[in-house]
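Peer 1: Just passing along the structure, written as structure tokens.
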Amino acid sequence: MELITIKTFDNSIQAHLMKSKLESENIMCFLFDENIVGLNPLYNITVGGIKLKIGESDIDKAILIIEDTEKATLTNEHGEVIKCPSCQSEQVYSGFKSMAGTKGIISAITSILFMVYPIYYKTVYKCKKCGNEFKYKHTTTAIKVPD
């Protein structure tokens, strides 16, 4: 059986989540180069990321599952759909590592000068449509409880 790379990832958590999803649908799959990327994230570029490989016979089914998973809207812990505050789009990236802003620029310069992995980034949501980066703020409604 020849294995084909169906998707690549830059972190092992996302790779294992997709692997688990495919395995729950009875598609046998394997992760390649996970350990080398885990040892040093800079090797990610060198080896081409963490590769999710499947057999040729399952490729059509796997593509449909991956597309459905990627099109799913993100929700918070209360089941509310996370929307971009700028354009109200439901198509957002979660866990986006942003170096935008003054601290990010200083971090990038420091990283280049000292040849180290970036020391500062913030994890945000990023809109796929307008590119807006934002932190999700859950609004709660206060309910008065009688004494």
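Letters A, B, ... mark the chains of the structure tokens in the order given; residue numbers begin at 1 per chain; ligand numbers begin at 1, in order shown.
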Residues at most 9 Å from range 74-80 of chain A, counting only C-alpha atoms, excluding those fewer than 4 positions away in the same chain, as an MDAnalysis selection string?

Peer 2: chainID A and resid 90:94 136 138

Peer 1: Please produce a file of the residues just selected, as a short mmCIF file (atom, residue, chain, number, x, y, z; two decimals), in the first residue's frame, where the atoms kept are N, CA and C atoms.

Peer 2:
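Now in result-v9.cif:
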```cif
data_model
loop_
_atom_site.label_atom_id
_atom_site.label_comp_id
_atom_site.auth_asym_id
_atom_site.auth_seq_id
_atom_site.Cartn_x
_atom_site.Cartn_y
_atom_site.Cartn_z
N GLU A 90 -17.93 34.41 9.81
CA GLU A 90 -17.77 33.27 10.70
C GLU A 90 -16.54 32.44 10.33
N GLN A 91 -15.83 32.85 9.29
CA GLN A 91 -14.66 32.12 8.83
C GLN A 91 -13.41 32.72 9.49
N VAL A 92 -12.98 32.11 10.59
CA VAL A 92 -11.82 32.62 11.33
C VAL A 92 -10.84 31.50 11.64
N TYR A 93 -9.57 31.87 11.71
CA TYR A 93 -8.53 30.96 12.18
C TYR A 93 -8.46 31.06 13.69
N SER A 94 -8.30 29.95 14.37
CA SER A 94 -8.10 30.02 15.82
C SER A 94 -6.64 29.69 16.11
N TYR A 136 -11.18 37.10 21.31
CA TYR A 136 -12.61 36.91 21.49
C TYR A 136 -13.00 37.31 22.90
N HIS A 138 -16.15 37.24 25.36
CA HIS A 138 -17.50 36.72 25.61
C HIS A 138 -18.28 37.74 26.42
#
```

Peer 1: Excluding range 46-49 of chain A and residues on its chain fewer than 2 positions from it, collect all residues at most 9 Å away from it, counting only C-alpha atoms, and give them as number ranges by chain.

Peer 2: A: 8-11, 32-34, 36-37, 42-44, 51

Peer 1: Take the residues just selected and output them with N, CA, C and O atoms as a PDB file, in the first residue's frame.

Peer 2:
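Generated output (selection-v7.pdb):
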```
ATOM      1  N   THR A   8      -0.441  18.726   5.551  1.00  0.00           N
ATOM      2  CA  THR A   8       0.711  18.982   6.415  1.00  0.00           C
ATOM      3  C   THR A   8       0.309  19.970   7.506  1.00  0.00           C
ATOM      4  O   THR A   8      -0.574  20.804   7.314  1.00  0.00           O
ATOM      5  N   PHE A   9       0.986  19.868   8.640  1.00  0.00           N
ATOM      6  CA  PHE A   9       0.681  20.691   9.810  1.00  0.00           C
ATOM      7  C   PHE A   9       1.974  21.282  10.359  1.00  0.00           C
ATOM      8  O   PHE A   9       3.044  20.713  10.172  1.00  0.00           O
ATOM      9  N   ASP A  10       1.834  22.389  11.083  1.00  0.00           N
ATOM     10  CA  ASP A  10       3.013  22.967  11.732  1.00  0.00           C
ATOM     11  C   ASP A  10       3.039  22.698  13.234  1.00  0.00           C
ATOM     12  O   ASP A  10       3.993  23.059  13.901  1.00  0.00           O
ATOM     13  N   ASN A  11       2.001  22.065  13.763  1.00  0.00           N
ATOM     14  CA  ASN A  11       2.063  21.648  15.169  1.00  0.00           C
ATOM     15  C   ASN A  11       1.381  20.290  15.341  1.00  0.00           C
ATOM     16  O   ASN A  11       0.466  19.932  14.608  1.00  0.00           O
ATOM     17  N   PHE A  32       4.101  11.600   9.901  1.00  0.00           N
ATOM     18  CA  PHE A  32       5.525  11.549   9.624  1.00  0.00           C
ATOM     19  C   PHE A  32       6.174  12.864  10.060  1.00  0.00           C
ATOM     20  O   PHE A  32       5.565  13.933   9.953  1.00  0.00           O
ATOM     21  N   ASP A  33       7.401  12.792  10.509  1.00  0.00           N
ATOM     22  CA  ASP A  33       8.226  13.941  10.906  1.00  0.00           C
ATOM     23  C   ASP A  33       7.680  14.680  12.119  1.00  0.00           C
ATOM     24  O   ASP A  33       8.060  15.820  12.364  1.00  0.00           O
ATOM     25  N   GLU A  34       6.841  14.043  12.886  1.00  0.00           N
ATOM     26  CA  GLU A  34       6.284  14.690  14.084  1.00  0.00           C
ATOM     27  C   GLU A  34       7.362  14.904  15.145  1.00  0.00           C
ATOM     28  O   GLU A  34       7.437  15.963  15.767  1.00  0.00           O
ATOM     29  N   ILE A  36      10.724  15.135  14.872  1.00  0.00           N
ATOM     30  CA  ILE A  36      11.772  16.106  14.530  1.00  0.00           C
ATOM     31  C   ILE A  36      11.249  17.534  14.683  1.00  0.00           C
ATOM     32  O   ILE A  36      11.961  18.415  15.153  1.00  0.00           O
ATOM     33  N   VAL A  37       9.997  17.773  14.322  1.00  0.00           N
ATOM     34  CA  VAL A  37       9.413  19.101  14.490  1.00  0.00           C
ATOM     35  C   VAL A  37       9.189  19.392  15.973  1.00  0.00           C
ATOM     36  O   VAL A  37       9.357  20.528  16.419  1.00  0.00           O
ATOM     37  N   LEU A  42      11.974  25.000  14.453  1.00  0.00           N
ATOM     38  CA  LEU A  42      12.588  25.574  13.247  1.00  0.00           C
ATOM     39  C   LEU A  42      12.837  24.520  12.173  1.00  0.00           C
ATOM     40  O   LEU A  42      12.960  24.847  11.001  1.00  0.00           O
ATOM     41  N   TYR A  43      12.905  23.242  12.560  1.00  0.00           N
ATOM     42  CA  TYR A  43      13.063  22.164  11.578  1.00  0.00           C
ATOM     43  C   TYR A  43      11.800  21.963  10.756  1.00  0.00           C
ATOM     44  O   TYR A  43      11.817  21.259   9.757  1.00  0.00           O
ATOM     45  N   ASN A  44      10.710  22.547  11.199  1.00  0.00           N
ATOM     46  CA  ASN A  44       9.440  22.427  10.488  1.00  0.00           C
ATOM     47  C   ASN A  44       9.596  22.836   9.027  1.00  0.00           C
ATOM     48  O   ASN A  44       9.087  22.171   8.126  1.00  0.00           O
ATOM     49  N   LYS A  51       3.574  15.563   8.377  1.00  0.00           N
ATOM     50  CA  LYS A  51       2.792  15.050   7.252  1.00  0.00           C
ATOM     51  C   LYS A  51       1.792  14.000   7.717  1.00  0.00           C
ATOM     52  O   LYS A  51       2.157  13.057   8.413  1.00  0.00           O
TER      53      LYS A  51
END
```

Peer 1: Identify, with DSSP run on backbone atoms, the residues in chain A assigned to strand (DSSP E or B), and express the list as a count of residues only.

Peer 2: 34

Peer 1: I'd like to know which of A:Gly38, A:Ile65, A:Thr5, A:Ile45 is closest to Glu23 in chain A, using only C-alpha atoms.

Peer 2: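 Counting only C-alpha atoms, the residue closest to Glu23 in chain A is A:Ile65.
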
Peer 1: Tell me, as a ChimeraX atom specification, which residues lie within 12 Å of Ile106 in chain A, counting only C-alpha atoms; anything in the same chain fewer than 6 positions away does not count.

Peer 2: /A:99-100,112-113,118-121

Peer 1: Could you write those residues out with N, CA and C atoms, as a PDB file, in the first residue's frame?

Peer 2:
```
ATOM      1  N   MET A  99       2.606  38.502  15.440  1.00  0.00           N
ATOM      2  CA  MET A  99       3.693  39.337  15.949  1.00  0.00           C
ATOM      3  C   MET A  99       3.423  40.791  15.608  1.00  0.00           C
ATOM      4  N   ALA A 100       2.174  41.122  15.357  1.00  0.00           N
ATOM      5  CA  ALA A 100       1.814  42.495  15.002  1.00  0.00           C
ATOM      6  C   ALA A 100       2.011  43.415  16.201  1.00  0.00           C
ATOM      7  N   ILE A 112      16.278  37.996  15.007  1.00  0.00           N
ATOM      8  CA  ILE A 112      17.237  37.998  13.900  1.00  0.00           C
ATOM      9  C   ILE A 112      18.655  38.263  14.417  1.00  0.00           C
ATOM     10  N   LEU A 113      18.791  39.242  15.306  1.00  0.00           N
ATOM     11  CA  LEU A 113      20.114  39.592  15.833  1.00  0.00           C
ATOM     12  C   LEU A 113      20.760  38.446  16.607  1.00  0.00           C
ATOM     13  N   PRO A 118      11.508  33.359  17.846  1.00  0.00           N
ATOM     14  CA  PRO A 118      10.849  34.586  18.329  1.00  0.00           C
ATOM     15  C   PRO A 118      10.408  34.464  19.789  1.00  0.00           C
ATOM     16  N   ILE A 119      10.758  35.476  20.564  1.00  0.00           N
ATOM     17  CA  ILE A 119      10.488  35.409  21.994  1.00  0.00           C
ATOM     18  C   ILE A 119       9.128  35.975  22.369  1.00  0.00           C
ATOM     19  N   TYR A 120       8.456  36.613  21.428  1.00  0.00           N
ATOM     20  CA  TYR A 120       7.153  37.193  21.745  1.00  0.00           C
ATOM     21  C   TYR A 120       6.202  36.981  20.567  1.00  0.00           C
ATOM     22  N   TYR A 121       5.043  36.523  20.873  1.00  0.00           N
ATOM     23  CA  TYR A 121       3.921  36.517  19.940  1.00  0.00           C
ATOM     24  C   TYR A 121       2.663  36.388  20.769  1.00  0.00           C
TER      25      TYR A 121
END
```

Peer 1: Leaving out Thr69 in chain A and any residue of its chain fewer than 5 positions from it, which residues lie within 12 Å of it when counting only C-alpha atoms, given as a PyMOL selection string?

Peer 2: chain A and resi 14+17-19+21-22+62-64+74

Peer 1: Closest to Leu52 in chain A among A:Ala72, A:Leu39, A:Met28, A:Ile6, using only C-alpha atoms?

Peer 2: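 Distance minimum relative to Leu52 in chain A lands on A:Ile6.
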
Peer 1: As a PyMOL selection string, please: every residue in chain A that a backbone DSSP assignment puts in helix (DSSP H, G or I).

Peer 2: chain A and resi 12-24+34-39+43-47+56-71+102-114

Peer 1: Let's have the selection written as a PDB file, in the first residue's frame, with C-alpha atoms.

Peer 2:
```
ATOM      1  CA  SER A  12       1.418  18.169  16.488  1.00  0.00           C
ATOM      2  CA  ILE A  13      -1.825  19.001  18.294  1.00  0.00           C
ATOM      3  CA  GLN A  14      -3.672  19.870  15.090  1.00  0.00           C
ATOM      4  CA  ALA A  15      -2.081  16.876  13.354  1.00  0.00           C
ATOM      5  CA  HIS A  16      -3.279  14.472  16.051  1.00  0.00           C
ATOM      6  CA  LEU A  17      -6.776  15.964  16.073  1.00  0.00           C
ATOM      7  CA  MET A  18      -7.124  15.411  12.317  1.00  0.00           C
ATOM      8  CA  LYS A  19      -5.587  11.936  12.593  1.00  0.00           C
ATOM      9  CA  SER A  20      -8.115  11.043  15.309  1.00  0.00           C
ATOM     10  CA  LYS A  21     -10.985  12.354  13.184  1.00  0.00           C
ATOM     11  CA  LEU A  22      -9.910  10.271  10.193  1.00  0.00           C
ATOM     12  CA  GLU A  23      -9.365   7.174  12.327  1.00  0.00           C
ATOM     13  CA  SER A  24     -12.866   7.577  13.789  1.00  0.00           C
ATOM     14  CA  GLU A  34       6.284  14.690  14.084  1.00  0.00           C
ATOM     15  CA  ASN A  35       9.211  14.015  16.411  1.00  0.00           C
ATOM     16  CA  ILE A  36      11.772  16.106  14.530  1.00  0.00           C
ATOM     17  CA  VAL A  37       9.413  19.101  14.490  1.00  0.00           C
ATOM     18  CA  GLY A  38       8.681  18.559  18.174  1.00  0.00           C
ATOM     19  CA  LEU A  39      12.387  18.660  19.023  1.00  0.00           C
ATOM     20  CA  TYR A  43      13.063  22.164  11.578  1.00  0.00           C
ATOM     21  CA  ASN A  44       9.440  22.427  10.488  1.00  0.00           C
ATOM     22  CA  ILE A  45      10.497  24.412   7.416  1.00  0.00           C
ATOM     23  CA  THR A  46      13.349  22.026   6.622  1.00  0.00           C
ATOM     24  CA  VAL A  47      11.314  18.812   6.659  1.00  0.00           C
ATOM     25  CA  GLU A  56      -4.550   5.679  -1.881  1.00  0.00           C
ATOM     26  CA  SER A  57      -7.872   3.878  -1.559  1.00  0.00           C
ATOM     27  CA  ASP A  58      -9.129   6.279   1.148  1.00  0.00           C
ATOM     28  CA  ILE A  59      -8.157   9.561  -0.505  1.00  0.00           C
ATOM     29  CA  ASP A  60     -11.630  10.654  -1.684  1.00  0.00           C
ATOM     30  CA  LYS A  61     -13.288   9.942   1.654  1.00  0.00           C
ATOM     31  CA  ALA A  62     -10.466  11.667   3.561  1.00  0.00           C
ATOM     32  CA  ILE A  63     -10.625  14.815   1.421  1.00  0.00           C
ATOM     33  CA  LEU A  64     -14.351  15.174   2.132  1.00  0.00           C
ATOM     34  CA  ILE A  65     -13.809  14.749   5.883  1.00  0.00           C
ATOM     35  CA  ILE A  66     -10.958  17.284   5.946  1.00  0.00           C
ATOM     36  CA  GLU A  67     -12.978  19.829   3.936  1.00  0.00           C
ATOM     37  CA  ASP A  68     -15.984  19.422   6.248  1.00  0.00           C
ATOM     38  CA  THR A  69     -13.775  19.838   9.297  1.00  0.00           C
ATOM     39  CA  GLU A  70     -12.103  22.980   7.945  1.00  0.00           C
ATOM     40  CA  LYS A  71     -15.427  24.564   6.927  1.00  0.00           C
ATOM     41  CA  THR A 102       5.544  47.248  18.555  1.00  0.00           C
ATOM     42  CA  LYS A 103       6.407  44.281  20.775  1.00  0.00           C
ATOM     43  CA  GLY A 104       6.275  41.982  17.754  1.00  0.00           C
ATOM     44  CA  ILE A 105       8.634  44.170  15.724  1.00  0.00           C
ATOM     45  CA  ILE A 106      11.118  44.367  18.617  1.00  0.00           C
ATOM     46  CA  SER A 107      10.846  40.585  19.043  1.00  0.00           C
ATOM     47  CA  ALA A 108      11.499  39.986  15.335  1.00  0.00           C
ATOM     48  CA  ILE A 109      14.588  42.225  15.363  1.00  0.00           C
ATOM     49  CA  THR A 110      15.879  40.556  18.533  1.00  0.00           C
ATOM     50  CA  SER A 111      15.264  37.119  17.029  1.00  0.00           C
ATOM     51  CA  ILE A 112      17.237  37.998  13.900  1.00  0.00           C
ATOM     52  CA  LEU A 113      20.114  39.592  15.833  1.00  0.00           C
ATOM     53  CA  PHE A 114      20.529  36.729  18.297  1.00  0.00           C
TER      54      PHE A 114
END
```

Peer 1: Check the smallest atom-to-atom distance from each of A:Asn26, A:Ser89, A:Asn40, A:Thr73 to Cys127 in chain A using only C-alpha atoms, then report the winner.

Peer 2: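 Under the stated criterion, the closest residue is A:Ser89.
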